[in-house]
>>> print(open('structure-v5.txt').read())   # compact mmCIF, C-alpha atoms
# COMPACT_ATOMS: atom_id res chain seq x y z
CA MET P 838 0.00 0.00 0.00
CA ASN P 839 1.26 3.46 -0.83
CA ALA P 840 2.25 5.93 1.85
CA SER P 841 -0.54 8.20 0.65
CA ASP P 842 -3.11 5.68 1.90
CA ARG P 843 -2.11 6.08 5.54
CA SER P 844 -4.87 8.59 6.26
CA ILE P 845 -7.54 6.20 4.92
CA VAL P 846 -6.70 2.79 6.38
CA ALA P 847 -4.79 2.19 9.57
CA GLN P 848 -1.48 0.47 8.93
CA PRO P 849 0.14 -1.90 11.38
CA ALA P 850 2.61 0.17 13.31
CA ALA P 851 4.56 0.08 16.51
CA ALA P 852 2.95 2.06 19.31
CA PRO P 853 4.63 5.21 20.53
CA ARG P 854 6.73 4.53 23.60
CA GLY P 855 4.69 3.97 26.73
CA GLN P 856 1.38 3.32 24.92
CA ARG P 857 -0.64 0.23 25.85
CA PRO P 858 -3.48 -1.50 24.02
CA LEU P 859 -7.05 -0.95 25.17
CA ALA P 860 -7.57 -2.17 28.71
CA CYS P 861 -11.32 -2.81 28.37
CA ALA P 862 -13.87 -3.32 25.62
CA TRP P 863 -15.72 0.00 25.92
CA PRO P 864 -13.62 2.66 27.67
CA LYS P 865 -15.01 6.08 28.44
CA VAL P 866 -15.32 8.64 25.61
CA SER P 867 -15.49 12.40 26.15
CA ILE P 868 -17.27 14.29 23.36
CA HIS P 869 -16.52 17.99 22.91
CA LEU P 870 -18.93 20.38 21.20
CA PRO P 871 -17.55 23.95 20.70
CA LEU P 872 -20.17 26.60 19.90
CA ARG P 873 -20.24 30.22 18.80
CA ASP P 874 -23.51 31.97 17.88
CA ALA P 875 -24.96 28.56 17.01
CA GLU P 876 -28.68 28.16 16.28
CA PRO P 877 -30.29 26.32 19.21
CA GLU P 878 -32.27 24.04 16.89
CA LEU P 879 -29.11 22.78 15.22
CA VAL P 880 -27.42 22.23 18.58
CA ARG P 881 -30.50 20.41 19.87
CA ARG P 882 -30.38 17.95 16.96
CA THR P 883 -26.72 17.28 17.68
CA LEU P 884 -27.28 16.80 21.41
CA ASP P 885 -30.26 14.50 20.87
CA SER P 886 -28.21 12.30 18.54
CA LEU P 887 -25.44 12.13 21.15
CA ALA P 888 -27.96 11.19 23.82
CA ALA P 889 -29.13 8.34 21.54
CA LEU P 890 -25.64 6.88 21.13
CA ASP P 891 -25.45 3.14 21.67
CA TYR P 892 -22.41 3.36 23.91
CA PRO P 893 -22.19 2.60 27.63
CA ASP P 894 -19.90 5.34 28.97
CA ILE P 895 -19.75 8.88 27.55
CA GLU P 896 -19.62 12.48 28.70
CA VAL P 897 -20.52 15.48 26.56
CA LEU P 898 -18.86 18.87 27.17
CA VAL P 899 -20.58 21.79 25.41
CA VAL P 900 -18.40 24.93 25.40
CA ASP P 901 -19.91 28.19 24.16
CA THR P 902 -17.68 31.22 23.52
CA HIS P 903 -18.21 34.73 22.13
CA THR P 904 -22.02 34.35 22.01
CA ALA P 905 -23.52 37.67 23.07
CA ASP P 906 -27.23 36.79 22.73
CA PRO P 907 -28.35 35.06 25.97
CA GLU P 908 -31.32 33.45 24.21
CA LEU P 909 -28.95 31.37 22.10
CA TRP P 910 -26.77 29.86 24.80
CA GLU P 911 -29.39 29.73 27.58
CA THR P 912 -31.63 27.56 25.40
CA VAL P 913 -28.76 25.15 24.84
CA ALA P 914 -27.87 25.14 28.54
CA GLU P 915 -31.47 24.23 29.46
CA HIS P 916 -31.50 21.38 26.95
CA CYS P 917 -28.23 20.01 28.35
CA ALA P 918 -29.76 20.05 31.83
CA ARG P 919 -32.75 18.06 30.58
CA LEU P 920 -30.52 15.42 28.99
CA GLY P 921 -28.82 14.52 32.27
CA PRO P 922 -25.60 14.95 34.26
CA GLN P 923 -23.37 13.49 31.55
CA PHE P 924 -24.09 16.63 29.48
CA ARG P 925 -22.16 19.59 30.88
CA PHE P 926 -22.53 23.13 29.51
CA PHE P 927 -20.01 25.98 29.81
CA HIS P 928 -20.61 29.57 28.70
CA LEU P 929 -17.26 31.38 28.65
CA GLY P 930 -18.12 34.62 26.87
CA PRO P 931 -15.14 36.22 25.07
CA TRP P 932 -12.36 33.63 25.13
CA PRO P 933 -8.87 33.56 23.60
CA GLY P 934 -8.10 31.11 20.85
CA PHE P 935 -11.55 30.98 19.25
CA ARG P 936 -12.53 27.36 18.48
CA ALA P 937 -9.12 25.98 19.50
CA GLY P 938 -9.36 27.84 22.80
CA ALA P 939 -12.78 26.33 23.48
CA LEU P 940 -11.46 22.84 22.71
CA ASN P 941 -8.47 23.33 25.01
CA PHE P 942 -10.83 24.39 27.79
CA ALA P 943 -12.88 21.24 27.20
CA LEU P 944 -9.67 19.17 27.25
CA ARG P 945 -8.83 20.54 30.70
CA GLU P 946 -12.36 19.71 31.92
CA THR P 947 -12.31 16.18 30.49
CA ALA P 948 -12.79 13.34 32.96
CA PRO P 949 -9.42 11.81 33.96
CA ASP P 950 -10.62 8.30 33.07
CA ALA P 951 -11.66 9.23 29.50
CA ALA P 952 -9.60 7.16 27.05
CA PHE P 953 -10.86 8.87 23.89
CA ILE P 954 -12.02 12.34 22.86
CA GLY P 955 -14.47 12.98 20.03
CA ILE P 956 -15.14 16.34 18.37
CA VAL P 957 -18.52 17.28 16.89
CA GLY P 958 -20.05 20.50 15.61
CA ALA P 959 -23.49 22.12 15.70
CA GLY P 960 -25.68 20.42 13.11
CA HIS P 961 -23.77 17.11 13.22
CA VAL P 962 -26.27 14.29 13.69
CA VAL P 963 -24.30 11.14 14.48
CA ARG P 964 -25.41 7.55 14.06
CA PRO P 965 -26.07 5.59 17.27
CA ARG P 966 -23.34 3.06 16.44
CA TRP P 967 -20.71 5.74 15.68
CA LEU P 968 -18.58 5.24 18.80
CA ARG P 969 -18.84 1.45 18.83
CA ARG P 970 -17.66 1.39 15.22
CA VAL P 971 -14.75 3.76 15.89
CA VAL P 972 -13.54 2.51 19.29
CA ARG P 973 -13.03 -0.99 17.87
CA LEU P 974 -10.35 0.41 15.57
CA PHE P 975 -8.31 1.65 18.53
CA ARG P 976 -7.33 -1.92 19.37
CA ASP P 977 -4.32 -1.03 17.23
CA PRO P 978 -2.09 0.59 19.89
CA GLY P 979 -0.38 2.83 17.33
CA LEU P 980 -3.60 4.47 16.20
CA GLY P 981 -3.97 8.05 17.42
CA MET P 982 -7.03 9.28 15.55
CA VAL P 983 -10.01 7.96 13.58
CA GLN P 984 -12.19 10.15 11.40
CA SER P 985 -15.55 9.36 9.85
CA PRO P 986 -17.16 10.83 6.72
CA MET P 987 -20.51 12.58 6.90
CA GLU P 988 -23.34 12.92 4.44
CA HIS P 989 -24.87 16.30 3.67
CA ALA P 990 -28.61 16.56 4.07
CA ASP P 991 -29.25 19.47 1.73
CA ARG P 992 -26.32 19.79 -0.62
CA GLU P 993 -28.08 17.76 -3.30
CA GLU P 994 -31.24 19.85 -3.01
CA THR P 995 -29.87 23.30 -3.82
CA ARG P 996 -27.74 24.63 -6.61
CA PHE P 997 -25.30 26.14 -4.12
CA GLY P 998 -25.01 22.82 -2.32
CA GLN P 999 -24.12 21.02 -5.54
CA ILE P 1000 -21.44 23.60 -6.34
CA ALA P 1001 -19.95 23.43 -2.83
CA LYS P 1002 -19.90 19.64 -2.86
CA ALA P 1003 -18.27 19.48 -6.31
CA GLU P 1004 -15.60 22.02 -5.32
CA CYS P 1005 -14.83 20.19 -2.08
CA ALA P 1006 -14.38 16.95 -4.05
CA THR P 1007 -11.50 18.53 -5.96
CA HIS P 1008 -9.61 18.85 -2.65
CA ASP P 1009 -10.06 15.25 -1.50
CA GLY P 1010 -6.42 14.46 -2.24
CA ASP P 1011 -4.94 17.61 -0.67
CA PHE P 1012 -2.31 16.75 1.93
CA ARG P 1013 -3.27 13.07 1.73
CA GLY P 1014 -0.90 10.92 3.76
CA LEU P 1015 0.22 14.01 5.70
CA LEU P 1016 -2.60 15.61 7.67
CA PRO P 1017 -5.95 14.26 8.91
CA LEU P 1018 -8.56 16.89 8.08
CA GLY P 1019 -11.79 14.91 8.05
CA PRO P 1020 -14.98 15.35 10.07
CA LEU P 1021 -16.06 13.59 13.28
CA PRO P 1022 -12.53 12.94 14.59
CA VAL P 1023 -12.01 10.72 17.63
CA PHE P 1024 -8.60 11.02 19.28
CA ARG P 1025 -6.80 8.83 21.73
CA ALA P 1026 -6.78 11.09 24.79
CA GLU P 1027 -3.13 10.34 25.53
CA ALA P 1028 -2.13 11.30 21.97
CA LEU P 1029 -4.03 14.59 22.19
CA ARG P 1030 -2.48 15.50 25.53
CA ARG P 1031 1.03 14.57 24.44
CA ALA P 1032 0.58 16.84 21.41
CA GLY P 1033 -0.12 19.74 23.76
CA GLY P 1034 -3.77 20.12 22.78
CA TRP P 1035 -4.96 22.49 20.09
CA GLU P 1036 -2.77 25.26 18.69
CA GLU P 1037 -4.71 28.44 19.43
CA GLN P 1038 -2.65 30.66 17.11
CA SER P 1039 -3.33 28.51 14.06
CA LEU P 1040 -6.03 29.46 11.56
CA TYR P 1041 -6.67 25.77 10.96
CA PRO P 1042 -5.89 24.00 14.28
CA GLU P 1043 -6.83 20.59 12.87
CA MET P 1044 -3.96 20.89 10.38
CA ALA P 1045 -1.40 21.85 13.02
CA LEU P 1046 -2.58 19.08 15.35
CA GLY P 1047 -2.52 16.52 12.54
CA LEU P 1048 1.11 17.21 11.73
CA THR P 1049 2.07 17.05 15.42
CA LEU P 1050 0.40 13.64 15.81
CA LEU P 1051 2.20 12.28 12.78
CA ARG P 1052 5.53 13.58 14.07
CA HIS P 1053 4.91 11.77 17.34
CA GLY P 1054 4.51 8.53 15.42
CA TRP P 1055 0.73 8.07 15.60
CA GLU P 1056 -1.26 6.61 12.73
CA SER P 1057 -4.69 7.80 11.52
CA ALA P 1058 -7.57 5.88 10.02
CA ALA P 1059 -11.05 6.49 8.62
CA THR P 1060 -14.25 4.50 8.59
CA ALA P 1061 -15.51 3.51 5.16
CA GLU P 1062 -19.17 4.33 5.79
CA PRO P 1063 -20.60 7.72 6.81
CA MET P 1064 -21.16 7.98 10.55
CA GLY P 1065 -23.25 11.12 10.57
CA LEU P 1066 -25.45 13.57 8.76
CA LEU P 1067 -24.75 17.30 8.44
CA VAL P 1068 -28.03 19.22 8.72
CA SER P 1069 -26.67 22.73 9.26
CA ARG P 1070 -27.19 25.56 6.79
CA HIS P 1071 -24.48 26.11 4.23
CA GLU P 1072 -23.60 29.74 3.62
CA PHE P 1073 -21.15 31.11 1.09
CA SER P 1074 -19.17 33.11 3.65
CA ASP P 1075 -18.65 30.07 5.90
CA TRP P 1076 -17.59 27.88 3.00
CA GLN P 1077 -15.27 30.59 1.71
CA ALA P 1078 -13.77 31.35 5.13
CA ARG P 1079 -13.10 27.67 5.79
CA ARG P 1080 -11.27 27.27 2.48
CA GLN P 1081 -9.15 30.40 2.95
CA ARG P 1082 -8.16 29.29 6.47
CA GLN P 1083 -7.15 25.91 5.11
CA VAL P 1084 -5.13 27.45 2.27
CA ALA P 1085 -3.42 30.02 4.52
CA SER P 1086 -2.49 27.37 7.09
CA GLY P 1087 -1.19 25.01 4.42
CA MET P 1088 1.04 27.67 2.86
CA ALA P 1089 2.21 28.83 6.31
CA LEU P 1090 3.12 25.23 7.04
CA LEU P 1091 5.01 25.11 3.74
CA ARG P 1092 6.96 28.21 4.80
CA GLN P 1093 7.72 26.79 8.24
CA GLN P 1094 8.90 23.47 6.80
CA ALA P 1095 10.98 25.01 4.01
CA ARG P 1096 14.22 23.72 5.49
CA ALA P 1097 12.88 20.16 5.77
CA LEU P 1098 11.68 20.31 2.17
CA LEU P 1099 14.90 21.71 0.72
CA TRP P 1100 17.33 19.74 2.85
CA PRO P 1101 16.77 15.96 2.32
CA ARG P 1102 18.77 15.01 5.42
CA ASP P 1103 16.43 16.95 7.67
CA ARG P 1104 14.34 14.32 9.46
CA ALA P 1105 11.52 16.66 10.55
CA LEU P 1106 9.39 15.21 7.74
CA THR P 1107 9.38 11.77 6.14
CA ARG P 1108 9.59 11.41 2.38
CA ALA P 1109 5.84 10.68 2.21
CA GLN P 1110 5.07 13.76 4.28
CA ARG P 1111 7.26 15.94 2.05
CA SER P 1112 5.49 14.74 -1.08
CA GLY P 1113 2.11 15.15 0.61
CA LEU P 1114 2.86 18.72 1.64
CA LEU P 1115 4.08 19.68 -1.83
CA ALA P 1116 1.13 18.00 -3.55
CA GLY P 1117 -1.31 19.76 -1.23
CA ALA P 1118 0.27 23.13 -2.03
CA LEU P 1119 -0.28 22.82 -5.78
CA PRO P 1120 -4.02 23.77 -5.88
CA PRO P 1121 -3.58 27.04 -3.92
CA LEU P 1122 -0.43 27.74 -5.92
CA ALA P 1123 -2.56 27.90 -9.08
CA ASP P 1124 -4.83 30.48 -7.43
CA MET P 1125 -1.84 32.45 -6.16
CA LEU P 1126 -0.28 32.67 -9.63
CA SER P 1127 -3.62 33.64 -11.15
CA LEU P 1128 -4.02 36.46 -8.63
CA ALA P 1129 -0.45 37.61 -9.32
CA GLY P 1130 -1.29 37.77 -13.03
CA LEU P 1131 -4.35 39.86 -12.23
CA ALA P 1132 -2.23 42.32 -10.24
CA LEU P 1133 0.22 42.52 -13.14
CA SER P 1134 -2.62 43.29 -15.56
CA LEU P 1135 -3.99 46.04 -13.33
CA GLY P 1136 -0.54 47.62 -13.06
CA ALA P 1137 0.06 47.51 -16.83
CA SER P 1138 -3.41 48.94 -17.45
CA ALA P 1139 -2.82 51.84 -15.05
CA MET P 1140 0.48 52.67 -16.78
CA ALA P 1141 -1.19 52.59 -20.20
CA ILE P 1142 -4.03 54.86 -19.09
CA PHE P 1143 -1.92 57.52 -17.39
CA GLU P 1144 1.11 57.41 -19.70
CA PRO P 1145 -0.17 56.03 -23.03
CA GLU P 1146 2.61 57.48 -25.14
CA ASP P 1147 5.44 56.00 -23.06
CA THR P 1148 3.84 52.56 -22.50
CA PRO P 1149 4.71 49.82 -25.00
CA PHE P 1150 2.13 47.18 -25.74
CA PRO P 1151 2.90 44.27 -23.37
CA LEU P 1152 2.86 41.67 -26.13
CA VAL P 1153 5.17 39.35 -24.19
CA LEU P 1154 2.82 39.42 -21.20
CA MET P 1155 -0.34 38.47 -23.10
CA PRO P 1156 0.29 34.68 -23.39
CA LEU P 1157 1.63 34.51 -19.83
CA LEU P 1158 -1.32 36.40 -18.36
CA LEU P 1159 -3.77 34.30 -20.35
CA MET P 1160 -2.21 31.09 -19.02
CA LEU P 1161 -2.24 32.39 -15.45
CA ALA P 1162 -5.90 33.40 -15.79
CA LEU P 1163 -6.81 29.87 -16.92
CA LEU P 1164 -4.84 28.02 -14.21
CA PRO P 1165 -7.76 27.69 -11.70
CA ALA P 1166 -9.99 26.30 -14.46
CA LEU P 1167 -7.32 23.87 -15.66
CA ARG P 1168 -6.82 22.63 -12.10
CA VAL P 1169 -10.41 21.31 -11.92
CA ALA P 1170 -10.64 20.14 -15.53
CA GLY P 1171 -12.69 16.96 -15.73
CA HIS P 1172 -14.60 17.57 -12.49
CA GLY P 1173 -17.64 19.15 -14.16
CA TRP P 1174 -19.24 22.58 -14.39
CA ASN P 1175 -20.20 22.76 -10.71
CA ALA P 1176 -16.59 22.26 -9.67
CA LEU P 1177 -15.54 24.90 -12.19
CA TRP P 1178 -18.00 27.42 -10.75
CA GLY P 1179 -16.93 26.63 -7.20
CA SER P 1180 -13.23 26.83 -7.99
CA ALA P 1181 -13.68 30.16 -9.77
CA ALA P 1182 -15.78 31.59 -6.90
CA LEU P 1183 -13.04 30.82 -4.36
CA SER P 1184 -10.07 31.56 -6.61
CA TRP P 1185 -9.30 35.15 -5.55
CA ARG P 1186 -9.76 34.51 -1.83
CA SER P 1187 -7.71 31.31 -2.06
CA GLY P 1188 -4.90 33.13 -3.90
CA ARG P 1189 -4.91 35.99 -1.41
CA ALA P 1190 -4.89 33.60 1.57
CA GLY P 1191 -2.07 31.60 -0.04
CA TRP P 1192 0.16 34.65 -0.44
CA GLN P 1193 -0.59 35.84 3.09
CA GLY P 1194 0.16 32.41 4.53
CA LEU P 1195 3.39 32.11 2.56
CA MET P 1196 4.55 35.63 3.47
CA GLY P 1197 3.36 35.48 7.08
CA GLY P 1198 0.57 38.06 6.79
CA ARG P 1199 -2.57 38.35 8.91
CA ILE P 1200 -5.52 36.31 7.62
CA SER P 1201 -9.18 37.14 8.13
CA ARG P 1202 -11.30 34.43 9.73
CA ARG P 1203 -14.45 35.53 7.90
CA GLY P 1204 -15.61 35.33 4.31
CA GLY P 1205 -17.68 37.65 2.15
CA THR P 1206 -17.50 39.34 -1.24
CA ARG P 1207 -15.76 42.61 -0.33
CA VAL P 1208 -12.43 41.62 -1.91
CA GLU P 1209 -14.17 40.33 -5.03
CA SER P 1210 -16.20 43.51 -5.37
CA ILE P 1211 -13.12 45.74 -5.06
CA LEU P 1212 -11.20 43.74 -7.68
CA LEU P 1213 -14.17 43.68 -10.04
CA ILE P 1214 -14.57 47.45 -9.82
CA SER P 1215 -10.82 47.87 -10.41
CA LEU P 1216 -10.93 45.63 -13.47
CA GLY P 1217 -13.99 47.44 -14.82
CA LEU P 1218 -12.38 50.84 -14.41
CA CYS P 1219 -9.17 49.64 -16.07
CA ALA P 1220 -11.07 48.13 -18.99
CA LEU P 1221 -13.04 51.35 -19.46
CA GLY P 1222 -9.89 53.44 -19.20
CA VAL P 1223 -8.00 51.34 -21.76
CA ALA P 1224 -10.98 51.45 -24.14
CA LEU P 1225 -11.18 55.23 -23.92
CA ALA P 1226 -7.44 55.94 -23.97
CA ASN P 1227 -6.82 53.36 -26.72
CA PRO P 1228 -3.06 53.36 -25.97
CA TRP P 1229 -2.05 50.60 -28.39
CA GLY P 1230 -4.45 51.09 -31.26
CA GLY P 1231 -7.86 49.56 -31.85
CA MET P 1232 -7.21 45.80 -32.12
CA ARG P 1233 -4.49 45.50 -29.49
CA SER P 1234 -6.40 47.61 -26.98
CA LEU P 1235 -9.48 45.47 -27.64
CA LEU P 1236 -7.47 42.30 -26.95
CA TRP P 1237 -6.30 43.77 -23.67
CA VAL P 1238 -9.86 44.61 -22.66
CA ALA P 1239 -10.86 41.04 -23.51
CA LEU P 1240 -8.06 39.75 -21.26
CA LEU P 1241 -9.31 41.92 -18.39
CA ALA P 1242 -12.83 40.57 -18.95
CA LEU P 1243 -11.51 36.99 -18.77
CA GLN P 1244 -9.65 37.76 -15.56
CA ALA P 1245 -12.85 39.19 -14.06
CA LEU P 1246 -14.74 35.88 -14.34
CA PRO P 1247 -13.73 34.60 -10.85
CA GLY P 1248 -15.23 37.73 -9.30
CA VAL P 1249 -18.43 37.30 -11.28
CA ALA P 1250 -18.58 33.65 -10.21
CA ALA P 1251 -18.07 34.62 -6.55
CA LEU P 1252 -20.97 37.10 -6.61
CA ALA P 1253 -23.22 34.61 -8.41
CA VAL P 1254 -22.43 31.70 -6.07
CA ALA P 1255 -22.79 34.00 -3.04
CA SER P 1256 -26.28 34.87 -4.25
CA LEU P 1257 -27.12 31.17 -4.56
CA GLY P 1258 -25.74 30.63 -1.07
CA ARG P 1259 -28.01 33.29 0.41
CA ARG P 1260 -31.03 31.61 -1.18
CA SER P 1261 -29.90 28.23 0.12
CA ALA P 1262 -29.44 29.59 3.66
CA ALA P 1263 -32.91 31.12 3.59
CA SER P 1264 -34.53 27.86 2.51
CA ASN P 1265 -35.73 25.11 4.81
CA TYR P 1266 -32.77 23.06 6.00
CA ALA P 1267 -34.73 20.24 7.63
CA ALA P 1268 -33.14 16.95 6.70
CA PRO P 1269 -35.38 14.47 4.88
CA GLY P 1270 -34.57 10.90 5.70
CA LEU P 1271 -33.12 11.82 9.08
CA HIS P 1272 -34.85 8.78 10.59
CA ARG P 1273 -32.38 6.54 8.75
CA TYR P 1274 -29.64 7.77 11.08
CA MET P 1275 -31.64 7.57 14.23
CA ALA P 1276 -32.42 3.88 13.90
>>> encode(input="structure-v5.txt", output="structure tokens")
Amino acid sequence: MNASDRSIVAQPAAAPRGQRPLACAWPKVSIHLPLRDAEPELVRRTLDSLAALDYPDIEVLVVDTHTADPELWETVAEHCARLGPQFRFFHLGPWPGFRAGALNFALRETAPDAAFIGIVGAGHVVRPRWLRRVVRLFRDPGLGMVQSPMEHADREETRFGQIAKAECATHDGDFRGLLPLGPLPVFRAEALRRAGGWEEQSLYPEMALGLTLLRHGWESAATAEPMGLLVSRHEFSDWQARRQRQVASGMALLRQQARALLWPRDRALTRAQRSGLLAGALPPLADMLSLAGLALSLGASAMAIFEPEDTPFPLVLMPLLLMLALLPALRVAGHGWNALWGSAALSWRSGRAGWQGLMGGRISRRGGTRVESILLISLGLCALGVALANPWGGMRSLLWVALLALQALPGVAALAVASLGRRSAASNYAAPGLHRYMA
């Protein structure tokens, strides 16, 4: 089996020093649910599915941070009280570290006898046999984490959901064999504590934790069948923000591991991890180069508008800029039109996050269309200015305007997909067929 398959199937491996096999059949599992401004109905569905788990010994720690509206967190606290003493609720208010900070707080509050720690999110409806299926895999003493896929309740019902699902499928191989990034992770508690918990300064703490676990010698595995259903609303800004955090963290990791990548004798990364990191960096690299080409076009256009007589026609740049503009589309070739729309909609934000991660800049944790709107207006003004100034003559100026129009397509796609996302979020997100997972 190839090294790239390590994140899918657990491989026989020696346990890290001091680790013992499972002492009993069903050890205690602590489940952590971090919240921030979560809709009480979504949280209730998650908590009810946890209460229905077919597992003898669990505790559920619900940690709410940064939620200002008391109606949101008080409703959740009351529901936890109704479910029994194994459900504990904490409202922390403003808290450092965001989601990672909430998970570290939960780690400190975890029962000392808990052997495993599971992470869920609001809107995750888990199957009753989830923990029984996963805990069996931990009989391998070298296994540090198991993740389980989830099915999406509404992504097949809306146009935005289809686009988001198709775009996510193009990233299935990113960082494969290097970092576990899947949903519904269950960690060996000892592995999580030895790793020092969650890195609160990271934009994508799962990525930082995954690399730490692999460096400590732990293996990861995944169940073949979905172990849950995602019934939360899918909004464009959340989808966009999640992708830009992942890209920024991946490129920051590439910068931090530059010595290990360039110096083969450096043992910080194995050969499989080096190849996995480089392969995972290729998709954002396409968006980064495309954004760099856009910046180059805007600069050349500004020079032509303000100094038309002294600006030569950038004939050499035309083929290069055309190729850079097409890179995001070429990256998802063969994945269908939905993947193409999704890739284009995230291209500018992904490129910006990639450059910021590589250069060490500050990354926003939220999405939106502000960046896309600014770039679209800039491209429109440049195209209008070139058309009016006509610095290179009729045909060549027209070709340049056509190039600017082609480079504007990712911004148009972002605004269009964002509009679809708003309609999807406003629609009913009740999950048909939910009873299949509650049986």
>>> atom_distance(input="structure-v5.txt", atom1="atom CA of Ser1256 of chain P", atom2="atom CA of Ala1176 of chain P")
16.8 Å
>>> residues_near_point(input="structure-v5.txt", point="(-5.1, 24.8, 12.2)", cutoff="10 Å", atoms="all atoms listed in the file", output="PyMOL selection string")
chain P and resi 937+1018+1035-1048+1082-1083+1085-1087+1090
>>> residues_near_point(input="structure-v5.txt", point="(-31.0, 25.9, 25.6)", cutoff="12 Å", atoms="only C-alpha atoms", output="ChimeraX atom specification")
/P:875-882,884,899,901,906-920,926-928
>>> closest_residue(input="structure-v5.txt", among="P:Gly1113, P:Gly1248, P:Gly1171, P:Pro893", to="Arg966 of chain P", atoms="all atoms listed in the file")
P:Pro893
>>> residues_around(input="structure-v5.txt", residues="segment 890-892 of chain P", least_positions_apart="6", cutoff="12 Å", atoms="only C-alpha atoms", output="list in words")
Ala862, Trp863, Pro864, Lys865, Val866, Ser867, Ile868, Thr883, Leu884, Val962, Val963, Arg964, Pro965, Arg966, Trp967, Leu968, Arg969, Arg970, Val971, Val972, Arg973, Met1064, Gly1065, Tyr1274, Met1275 and Ala1276 of chain P
>>> closest_residue(input="structure-v5.txt", among="P:Gly1173, P:Glu1209, P:Gly1222, P:Arg1189", to="Lys1002 of chain P", atoms="only C-alpha atoms")
P:Gly1173
>>> atom_distance(input="structure-v5.txt", atom1="atom CA of Gly1191 of chain P", atom2="atom CA of Ala1129 of chain P")
11.2 Å
>>> decode(input="structure-v5.txt", residues="segment 1051-1067 of chain P", atoms="N, CA and C atoms", output="mmCIF file, in the first residue's frame")
data_model
loop_
_atom_site.group_PDB
_atom_site.id
_atom_site.type_symbol
_atom_site.label_atom_id
_atom_site.label_comp_id
_atom_site.auth_asym_id
_atom_site.auth_seq_id
_atom_site.Cartn_x
_atom_site.Cartn_y
_atom_site.Cartn_z
ATOM 1 N N LEU P 1051 1.390 13.089 13.674
ATOM 2 C CA LEU P 1051 2.203 12.277 12.782
ATOM 3 C C LEU P 1051 3.672 12.325 13.181
ATOM 4 N N ARG P 1052 4.131 13.483 13.617
ATOM 5 C CA ARG P 1052 5.529 13.582 14.072
ATOM 6 C C ARG P 1052 5.781 12.745 15.311
ATOM 7 N N HIS P 1053 4.766 12.580 16.136
ATOM 8 C CA HIS P 1053 4.911 11.768 17.336
ATOM 9 C C HIS P 1053 4.787 10.281 17.043
ATOM 10 N N GLY P 1054 4.539 9.939 15.793
ATOM 11 C CA GLY P 1054 4.506 8.531 15.418
ATOM 12 C C GLY P 1054 3.143 7.876 15.416
ATOM 13 N N TRP P 1055 2.074 8.639 15.585
ATOM 14 C CA TRP P 1055 0.729 8.073 15.596
ATOM 15 C C TRP P 1055 0.223 7.885 14.173
ATOM 16 N N GLU P 1056 -0.600 6.861 14.007
ATOM 17 C CA GLU P 1056 -1.261 6.614 12.730
ATOM 18 C C GLU P 1056 -2.672 7.198 12.780
ATOM 19 N N SER P 1057 -3.291 7.368 11.602
ATOM 20 C CA SER P 1057 -4.685 7.804 11.522
ATOM 21 C C SER P 1057 -5.441 6.840 10.622
ATOM 22 N N ALA P 1058 -6.733 6.765 10.817
ATOM 23 C CA ALA P 1058 -7.575 5.875 10.022
ATOM 24 C C ALA P 1058 -8.915 6.548 9.789
ATOM 25 N N ALA P 1059 -9.716 5.957 8.907
ATOM 26 C CA ALA P 1059 -11.050 6.492 8.621
ATOM 27 C C ALA P 1059 -12.009 5.344 8.399
ATOM 28 N N THR P 1060 -13.236 5.503 8.864
ATOM 29 C CA THR P 1060 -14.254 4.498 8.591
ATOM 30 C C THR P 1060 -14.705 4.616 7.142
ATOM 31 N N ALA P 1061 -15.096 3.502 6.564
ATOM 32 C CA ALA P 1061 -15.511 3.512 5.162
ATOM 33 C C ALA P 1061 -16.902 4.107 4.985
ATOM 34 N N GLU P 1062 -17.794 3.866 5.928
ATOM 35 C CA GLU P 1062 -19.174 4.330 5.794
ATOM 36 C C GLU P 1062 -19.378 5.636 6.555
ATOM 37 N N PRO P 1063 -20.293 6.483 6.087
ATOM 38 C CA PRO P 1063 -20.600 7.722 6.813
ATOM 39 C C PRO P 1063 -21.169 7.418 8.195
ATOM 40 N N MET P 1064 -20.709 8.167 9.180
ATOM 41 C CA MET P 1064 -21.156 7.978 10.551
ATOM 42 C C MET P 1064 -22.005 9.135 11.054
ATOM 43 N N GLY P 1065 -22.438 10.005 10.137
ATOM 44 C CA GLY P 1065 -23.252 11.121 10.569
ATOM 45 C C GLY P 1065 -23.866 11.853 9.405
ATOM 46 N N LEU P 1066 -24.748 12.760 9.739
ATOM 47 C CA LEU P 1066 -25.454 13.574 8.756
ATOM 48 C C LEU P 1066 -25.294 15.037 9.149
ATOM 49 N N LEU P 1067 -24.916 15.872 8.188
ATOM 50 C CA LEU P 1067 -24.748 17.303 8.439
ATOM 51 C C LEU P 1067 -26.026 18.026 8.031
#
